[in-house]
Amino acid sequence: MFEKRTASAEREAIQPLQLKRSGGRPVFPRGLVVCLGTAAIFGLIGIWWGLPNTVSWDTDSSVPMTMLRGALCGFSHGWTGQHQVFHPALIALLSAPYAGYLILAGGLDVGSVTHEYPWGLQNPLASLTVFIVIGRLVSLGFFLVLVYYVYKSVSSWTTHEAGLLSAIAATTCYPLVYYAHTGNPDMTCISLAAVAIFYYARGLRTFRLCDVALFAIFAALSASAKIQILPLFVPFALVGLVPPLNNEAPSEQSRSLKHRLKIVIAGIVIFFVVFAVANNWLLNFSGFVSWVSGKISWTSTAVYDPTGLGQKSYLVDTLRAFSAALSIPVILLGAFGFVELGRSRQRLALGLVLGIVSYALFLAYVQTLFIRYLLPLMLVFVLLSGIGALSIWKRVEKARFWRRVYLVAGGIIGVMLLLRVIGMLLLLTGESRYQAEKWLARHTQPGDIIEVYDEANYLPRLPSQCVVKSLYPLQYYREPERDPHNRSGTRYKRVPPEVFTKEALMQRRPRWICLSDHPRCPEEWLAALEKASLGYTRRAQFRRSFWFMPEYHLRANPLVRIYGLDEGREYSGEPRKMTNRLGSRSQLRDSNAVASMQPGSPGGNWVRQESASRKNPPGGSLNGDAPKT
């Protein structure tokens, strides 16, 4: 089916079109080693963010909740969670040695493991903290993989210098640095996508089955980490059918339409086989279908008005968030890189352009405005930014004045990107929740009641000497007659609106009310708290800011407000609607709804609202994550 080629012909086919310096380059040149070392240092600083803890401050994390619940049932038998099987299963596999140590040391009683906290752990605070760190180290490892393959891809397309500039752009991209500190699947997804793009570019040149197969494998694993990246890869197969264009130097096999068609079909088959294995279709196909149905249902609720004005607002907000996260200079350099790449590798440039268009259409459909959904677009622009920077340099290097201007501008851009990363690290190591913890430790007394309306992921670690009452509205209970491994056995209800009244508050009479910037309570209730008309006065407010950091700080450094009881005040109005303080339904449903402080954690003793006949399991559902609102 596929013709054999000589070794010399294969080496000739994968050579970049532009000449490199004679003598060759080592696999890890000095500049790349510096980039990888810097990326590792960036990833290690702040990796202890929010720890020790039984929940993770990086919301939508696969550890420890999703990973533990999935491992409990082998990610099979209808299991569903916030994410697909691949990423939490990978973390569970890498955590297996530590779990084995816990079993041997008596820290984990397998016989008492249930779907409820503390899951058989003798010291849940320490054990869950270690699981969280393992998940973050996995993301850090993938961050290093991303930096390496960004360099490797660009240097194989053009020159070593362009590859090094792209690697620097990846290392100093602060959203990537942030996700290297989380247990989220985003870094896994983007890193595997970078590997897939490398083999895709090589496959377009050689059309060897091994190159196309490697692209299909890594693209399938990337989509298994987060299926949202799939629209980026869809046009790649179509471009594979396009014959070589203009000055491209293809192999003899790639000139044959029949051979291209066979290779593309083989790649598609390999993709679906790997995707099915990575998503455990053999043992958990019903769970995958249920998960996809939930995602479709979630994306069916438009955040913006479907009219032209609403679509325009969504486009403007998306462009503003993208430019703030990646920076306008890197975007412009990436655009220049597209032009330069299109001169020599037209099909690769065409595939990347169509991939961006396809992914942009997907975003327009789901109308989701989160930085993590923009990461695939950032990856493409980071890849091409080095090519654009080098192409501009070649045009100005002979003009003394413009060469100096270019170097000064490049230095300013580099300092700006570095400051953003430093700002992100400062937020992780000294953010608002740490300040709130210290304030509460000084001002609370043993037995004080603290009332909260947020998930624990967004809150500071509250003093263990206090009793914490959570009015988080997604209260859940389990029907006891159902099989505990049946994911449909969890039901949900909201806190009734009458809870948010002056009379009910005076009956509960908490000493403190602590709010993060994702409270699930009536908007009028928040306004009344600010006006001190509920008998409570704001005593403290914490949020760090840096002039060189964009407004969008991802999930770090939330606004934390603390209100204290103040007798003699009256409430002046009744709340009518449940909403997010920020007024955005997209932000409202971007939380890990299972997060709840567990007994024995540094968050104090949590008291949940209970049904008259059913008790709420403190650990959430075995299902993983609660439905988004």
# chains A, B, ... in the order shown; residues from 1 in each chain; ligands from 1

$ residues_around --residues "Ile190 (chain A)" --least-positions-apart "3" --cutoff "7 Å" --atoms "only C-alpha atoms" --output "PDB file with C-alpha atoms, in the first residue's frame"
ATOM      1  CA  ASP A 186      -5.675  22.450  29.629  1.00  0.00           C
ATOM      2  CA  MET A 187      -1.880  22.218  29.695  1.00  0.00           C
ATOM      3  CA  ALA A 193      -1.515  19.649  20.356  1.00  0.00           C
ATOM      4  CA  ALA A 194       1.948  21.202  19.916  1.00  0.00           C
ATOM      5  CA  SER A 222      -5.015  16.104  22.885  1.00  0.00           C
ATOM      6  CA  PRO A 376      -5.393  26.701  21.111  1.00  0.00           C
TER       7      PRO A 376
END

$ residues_around --residues "Gly78 (chain A)" --least-positions-apart "6" --cutoff "6 Å" --atoms "only C-alpha atoms" --output "VMD selection string"
chain A and resid 284 286 to 287

$ write_last_selection --atoms "all heavy atoms" --output "PDB file, in the first residue's frame"
ATOM      1  N   ASN A 284     -16.670   2.225  29.255  1.00  0.00           N
ATOM      2  CA  ASN A 284     -17.366   3.411  29.755  1.00  0.00           C
ATOM      3  C   ASN A 284     -17.997   4.208  28.621  1.00  0.00           C
ATOM      4  O   ASN A 284     -18.068   5.434  28.689  1.00  0.00           O
ATOM      5  CB  ASN A 284     -16.390   4.308  30.532  1.00  0.00           C
ATOM      6  CG  ASN A 284     -17.098   5.326  31.399  1.00  0.00           C
ATOM      7  OD1 ASN A 284     -18.018   4.997  32.127  1.00  0.00           O
ATOM      8  ND2 ASN A 284     -16.671   6.575  31.311  1.00  0.00           N
ATOM      9  N   SER A 286     -21.129   4.423  27.757  1.00  0.00           N
ATOM     10  CA  SER A 286     -22.343   5.109  28.220  1.00  0.00           C
ATOM     11  C   SER A 286     -21.987   6.366  29.000  1.00  0.00           C
ATOM     12  O   SER A 286     -22.669   7.386  28.903  1.00  0.00           O
ATOM     13  CB  SER A 286     -23.179   4.167  29.086  1.00  0.00           C
ATOM     14  OG  SER A 286     -22.454   3.768  30.243  1.00  0.00           O
ATOM     15  N   GLY A 287     -20.902   6.301  29.785  1.00  0.00           N
ATOM     16  CA  GLY A 287     -20.465   7.488  30.511  1.00  0.00           C
ATOM     17  C   GLY A 287     -19.998   8.579  29.575  1.00  0.00           C
ATOM     18  O   GLY A 287     -20.263   9.762  29.804  1.00  0.00           O
TER      19      GLY A 287
END

$ residues_around --residues "Phe288 (chain A)" --least-positions-apart "6" --cutoff "8 Å" --atoms "only C-alpha atoms" --output "count of residues only"
6

$ closest_residue --among "A:Phe285, A:Ile263, A:Leu369, A:Gly135" --to "Ser313 (chain A)" --atoms "only C-alpha atoms"
A:Leu369

$ closest_residue --among "A:Gly106, A:Gly267, A:Pro329, A:Gly342" --to "Ile413 (chain A)" --atoms "only C-alpha atoms"
A:Pro329

$ residues_around --residues "Leu261 (chain A)" --least-positions-apart "6" --cutoff "10 Å" --atoms "only C-alpha atoms" --output "list in words"
Ala237, Leu238, Gly240, Leu241, Val242, Ser254 and Gly267 of chain A

$ closest_residue --among "A:Thr172, A:Gln122, A:Ser56, A:Ser155" --to "Ala39 (chain A)" --atoms "only C-alpha atoms"
A:Thr172

$ closest_residue --among "A:Leu363, A:Arg345, A:Leu108, A:Ser156" --to "Leu375 (chain A)" --atoms "only C-alpha atoms"
A:Leu363

$ residues_around --residues "Asp454 (chain A)" --least-positions-apart "5" --cutoff "8 Å" --atoms "only C-alpha atoms" --output "list in words"
Leu459, Ser470, Leu471, Tyr472, Leu515, Ser516, His518, Pro519 and Arg520 of chain A

$ closest_residue --among "A:Leu230, A:Ala89, A:Tyr365, A:Gly447" --to "Ser76 (chain A)" --atoms "only C-alpha atoms"
A:Ala89

$ closest_residue --among "A:Asn557, A:Gln228, A:Ser293, A:Ser166" --to "Tyr151 (chain A)" --atoms "only C-alpha atoms"
A:Ser166

$ residues_around --residues "Ile392 (chain A)" --least-positions-apart "2" --cutoff "12 Å" --atoms "only C-alpha atoms" --output "PDB file with N, CA and C atoms, in the first residue's frame"
ATOM      1  N   ALA A 162      14.615  31.378  14.824  1.00  0.00           N
ATOM      2  CA  ALA A 162      13.166  31.558  14.887  1.00  0.00           C
ATOM      3  C   ALA A 162      12.553  30.614  15.920  1.00  0.00           C
ATOM      4  N   LEU A 332       0.751  40.399  16.648  1.00  0.00           N
ATOM      5  CA  LEU A 332       1.224  40.983  15.397  1.00  0.00           C
ATOM      6  C   LEU A 332       2.392  40.188  14.822  1.00  0.00           C
ATOM      7  N   LEU A 333       3.312  39.754  15.669  1.00  0.00           N
ATOM      8  CA  LEU A 333       4.423  38.934  15.191  1.00  0.00           C
ATOM      9  C   LEU A 333       3.920  37.606  14.642  1.00  0.00           C
ATOM     10  N   GLY A 334       2.902  37.038  15.282  1.00  0.00           N
ATOM     11  CA  GLY A 334       2.313  35.812  14.755  1.00  0.00           C
ATOM     12  C   GLY A 334       1.674  36.019  13.402  1.00  0.00           C
ATOM     13  N   ALA A 335       1.033  37.185  13.198  1.00  0.00           N
ATOM     14  CA  ALA A 335       0.443  37.486  11.890  1.00  0.00           C
ATOM     15  C   ALA A 335       1.527  37.607  10.816  1.00  0.00           C
ATOM     16  N   PHE A 336       2.639  38.271  11.138  1.00  0.00           N
ATOM     17  CA  PHE A 336       3.766  38.319  10.198  1.00  0.00           C
ATOM     18  C   PHE A 336       4.299  36.912   9.931  1.00  0.00           C
ATOM     19  N   GLY A 337       4.301  36.085  10.955  1.00  0.00           N
ATOM     20  CA  GLY A 337       4.770  34.720  10.778  1.00  0.00           C
ATOM     21  C   GLY A 337       3.917  33.926   9.820  1.00  0.00           C
ATOM     22  N   VAL A 339       2.379  35.113   7.207  1.00  0.00           N
ATOM     23  CA  VAL A 339       2.762  35.557   5.857  1.00  0.00           C
ATOM     24  C   VAL A 339       4.073  34.906   5.436  1.00  0.00           C
ATOM     25  N   GLU A 340       5.047  34.899   6.333  1.00  0.00           N
ATOM     26  CA  GLU A 340       6.356  34.328   6.011  1.00  0.00           C
ATOM     27  C   GLU A 340       6.263  32.821   5.798  1.00  0.00           C
ATOM     28  N   SER A 385       5.084  33.396  16.079  1.00  0.00           N
ATOM     29  CA  SER A 385       5.646  34.694  16.484  1.00  0.00           C
ATOM     30  C   SER A 385       7.151  34.742  16.243  1.00  0.00           C
ATOM     31  N   GLY A 386       7.857  33.646  16.482  1.00  0.00           N
ATOM     32  CA  GLY A 386       9.291  33.625  16.240  1.00  0.00           C
ATOM     33  C   GLY A 386       9.631  33.793  14.776  1.00  0.00           C
ATOM     34  N   ILE A 387       8.820  33.188  13.898  1.00  0.00           N
ATOM     35  CA  ILE A 387       9.042  33.342  12.451  1.00  0.00           C
ATOM     36  C   ILE A 387       8.823  34.788  12.045  1.00  0.00           C
ATOM     37  N   GLY A 388       7.760  35.405  12.595  1.00  0.00           N
ATOM     38  CA  GLY A 388       7.500  36.803  12.283  1.00  0.00           C
ATOM     39  C   GLY A 388       8.592  37.721  12.792  1.00  0.00           C
ATOM     40  N   ALA A 389       9.083  37.470  14.014  1.00  0.00           N
ATOM     41  CA  ALA A 389      10.140  38.318  14.577  1.00  0.00           C
ATOM     42  C   ALA A 389      11.414  38.218  13.748  1.00  0.00           C
ATOM     43  N   LEU A 390      11.754  37.014  13.298  1.00  0.00           N
ATOM     44  CA  LEU A 390      12.982  36.847  12.508  1.00  0.00           C
ATOM     45  C   LEU A 390      12.833  37.451  11.119  1.00  0.00           C
ATOM     46  N   LYS A 394      15.342  40.336   9.490  1.00  0.00           N
ATOM     47  CA  LYS A 394      16.080  40.209   8.233  1.00  0.00           C
ATOM     48  C   LYS A 394      15.841  41.404   7.318  1.00  0.00           C
ATOM     49  N   ARG A 395      14.728  42.084   7.511  1.00  0.00           N
ATOM     50  CA  ARG A 395      14.433  43.247   6.677  1.00  0.00           C
ATOM     51  C   ARG A 395      15.073  44.533   7.202  1.00  0.00           C
ATOM     52  N   VAL A 396      15.418  44.544   8.485  1.00  0.00           N
ATOM     53  CA  VAL A 396      15.948  45.791   9.058  1.00  0.00           C
ATOM     54  C   VAL A 396      17.401  45.669   9.513  1.00  0.00           C
ATOM     55  N   GLU A 397      17.983  44.466   9.459  1.00  0.00           N
ATOM     56  CA  GLU A 397      19.313  44.295  10.041  1.00  0.00           C
ATOM     57  C   GLU A 397      20.399  45.079   9.303  1.00  0.00           C
ATOM     58  N   LYS A 398      20.165  45.412   8.038  1.00  0.00           N
ATOM     59  CA  LYS A 398      21.180  46.153   7.284  1.00  0.00           C
ATOM     60  C   LYS A 398      21.034  47.659   7.436  1.00  0.00           C
ATOM     61  N   ALA A 399      19.906  48.114   7.969  1.00  0.00           N
ATOM     62  CA  ALA A 399      19.694  49.543   8.205  1.00  0.00           C
ATOM     63  C   ALA A 399      19.994  49.838   9.676  1.00  0.00           C
ATOM     64  N   TRP A 402      17.042  51.454  11.901  1.00  0.00           N
ATOM     65  CA  TRP A 402      15.912  50.563  12.137  1.00  0.00           C
ATOM     66  C   TRP A 402      16.331  49.322  12.909  1.00  0.00           C
ATOM     67  N   ARG A 403      17.591  48.917  12.769  1.00  0.00           N
ATOM     68  CA  ARG A 403      18.072  47.784  13.553  1.00  0.00           C
ATOM     69  C   ARG A 403      18.056  48.124  15.044  1.00  0.00           C
ATOM     70  N   VAL A 405      16.174  50.473  16.452  1.00  0.00           N
ATOM     71  CA  VAL A 405      14.773  50.584  16.862  1.00  0.00           C
ATOM     72  C   VAL A 405      14.187  49.199  17.131  1.00  0.00           C
ATOM     73  N   TYR A 406      14.505  48.250  16.274  1.00  0.00           N
ATOM     74  CA  TYR A 406      13.977  46.887  16.421  1.00  0.00           C
ATOM     75  C   TYR A 406      14.474  46.257  17.724  1.00  0.00           C
ATOM     76  N   LEU A 407      15.749  46.421  18.013  1.00  0.00           N
ATOM     77  CA  LEU A 407      16.313  45.827  19.218  1.00  0.00           C
ATOM     78  C   LEU A 407      15.720  46.455  20.481  1.00  0.00           C
ATOM     79  N   ALA A 409      12.734  47.930  20.681  1.00  0.00           N
ATOM     80  CA  ALA A 409      11.344  47.481  20.770  1.00  0.00           C
ATOM     81  C   ALA A 409      11.266  46.035  21.247  1.00  0.00           C
ATOM     82  N   GLY A 410      12.171  45.185  20.741  1.00  0.00           N
ATOM     83  CA  GLY A 410      12.181  43.795  21.191  1.00  0.00           C
ATOM     84  C   GLY A 410      12.495  43.675  22.666  1.00  0.00           C
TER      85      GLY A 410
END

$ atom_distance --atom1 "CA of Gly423 (chain A)" --atom2 "CA of Tyr174 (chain A)"
8.8 Å

$ residues_around --residues "Val234 (chain A)" --least-positions-apart "2" --cutoff "10 Å" --atoms "only C-alpha atoms" --output "MDAnalysis selection string"
chainID A and resid 229:232 236:239 351 354:355 358:359

$ write_last_selection --atoms "N, CA and C atoms" --output "PDB file, in the first residue's frame"
ATOM      1  N   ILE A 229     -10.715  21.125  21.638  1.00  0.00           N
ATOM      2  CA  ILE A 229      -9.680  21.459  20.662  1.00  0.00           C
ATOM      3  C   ILE A 229      -9.925  20.766  19.330  1.00  0.00           C
ATOM      4  N   LEU A 230     -10.882  19.865  19.272  1.00  0.00           N
ATOM      5  CA  LEU A 230     -11.125  19.090  18.055  1.00  0.00           C
ATOM      6  C   LEU A 230     -11.365  19.952  16.817  1.00  0.00           C
ATOM      7  N   PRO A 231     -12.112  21.075  16.895  1.00  0.00           N
ATOM      8  CA  PRO A 231     -12.295  21.903  15.683  1.00  0.00           C
ATOM      9  C   PRO A 231     -10.997  22.425  15.087  1.00  0.00           C
ATOM     10  N   LEU A 232      -9.947  22.544  15.891  1.00  0.00           N
ATOM     11  CA  LEU A 232      -8.670  22.993  15.348  1.00  0.00           C
ATOM     12  C   LEU A 232      -8.072  21.956  14.404  1.00  0.00           C
ATOM     13  N   PHE A 236      -7.269  19.990   9.182  1.00  0.00           N
ATOM     14  CA  PHE A 236      -5.958  19.446   8.846  1.00  0.00           C
ATOM     15  C   PHE A 236      -6.077  18.275   7.877  1.00  0.00           C
ATOM     16  N   ALA A 237      -7.094  17.423   8.090  1.00  0.00           N
ATOM     17  CA  ALA A 237      -7.278  16.277   7.204  1.00  0.00           C
ATOM     18  C   ALA A 237      -7.635  16.731   5.792  1.00  0.00           C
ATOM     19  N   LEU A 238      -8.452  17.778   5.675  1.00  0.00           N
ATOM     20  CA  LEU A 238      -8.833  18.274   4.353  1.00  0.00           C
ATOM     21  C   LEU A 238      -7.632  18.850   3.620  1.00  0.00           C
ATOM     22  N   VAL A 239      -6.776  19.574   4.336  1.00  0.00           N
ATOM     23  CA  VAL A 239      -5.588  20.148   3.713  1.00  0.00           C
ATOM     24  C   VAL A 239      -4.640  19.039   3.265  1.00  0.00           C
ATOM     25  N   GLY A 351      -3.395  25.041   6.477  1.00  0.00           N
ATOM     26  CA  GLY A 351      -3.998  24.223   7.524  1.00  0.00           C
ATOM     27  C   GLY A 351      -4.157  24.983   8.823  1.00  0.00           C
ATOM     28  N   LEU A 354      -7.005  27.619   8.388  1.00  0.00           N
ATOM     29  CA  LEU A 354      -8.327  26.987   8.425  1.00  0.00           C
ATOM     30  C   LEU A 354      -8.634  26.447   9.819  1.00  0.00           C
ATOM     31  N   GLY A 355      -7.596  25.969  10.518  1.00  0.00           N
ATOM     32  CA  GLY A 355      -7.816  25.512  11.885  1.00  0.00           C
ATOM     33  C   GLY A 355      -8.255  26.638  12.796  1.00  0.00           C
ATOM     34  N   SER A 358     -11.872  27.487  11.869  1.00  0.00           N
ATOM     35  CA  SER A 358     -12.778  26.457  12.376  1.00  0.00           C
ATOM     36  C   SER A 358     -12.962  26.589  13.882  1.00  0.00           C
ATOM     37  N   TYR A 359     -11.874  26.815  14.596  1.00  0.00           N
ATOM     38  CA  TYR A 359     -11.976  26.941  16.047  1.00  0.00           C
ATOM     39  C   TYR A 359     -12.721  28.215  16.439  1.00  0.00           C
TER      40      TYR A 359
END

$ closest_atom_pairs --of "region 510-547 of chain A" --to "region 441-444 of chain A" --cutoff "12 Å" --atoms "only C-alpha atoms" --output "tab-separated table"
residue	atom	partner	partner_atom	distance
A:Pro510	CA	A:Thr444	CA	11.8
A:Arg511	CA	A:Thr444	CA	8.7
A:Trp512	CA	A:Thr444	CA	8.6
A:Ile513	CA	A:Thr444	CA	11.7
A:Arg539	CA	A:His443	CA	10.2
A:Ala540	CA	A:His443	CA	10.8

$ atom_distance --atom1 "CA of Arg561 (chain A)" --atom2 "CA of Gln541 (chain A)"
4.4 Å

$ atom_distance --atom1 "CA of Ser533 (chain A)" --atom2 "CA of Pro446 (chain A)"
26.6 Å

$ select_by_dssp --residues "region 391-482 of chain A" --states "helix (DSSP H, G or I)" --output "number ranges by chain"
A: 391-396, 400-430, 432-443, 456-458
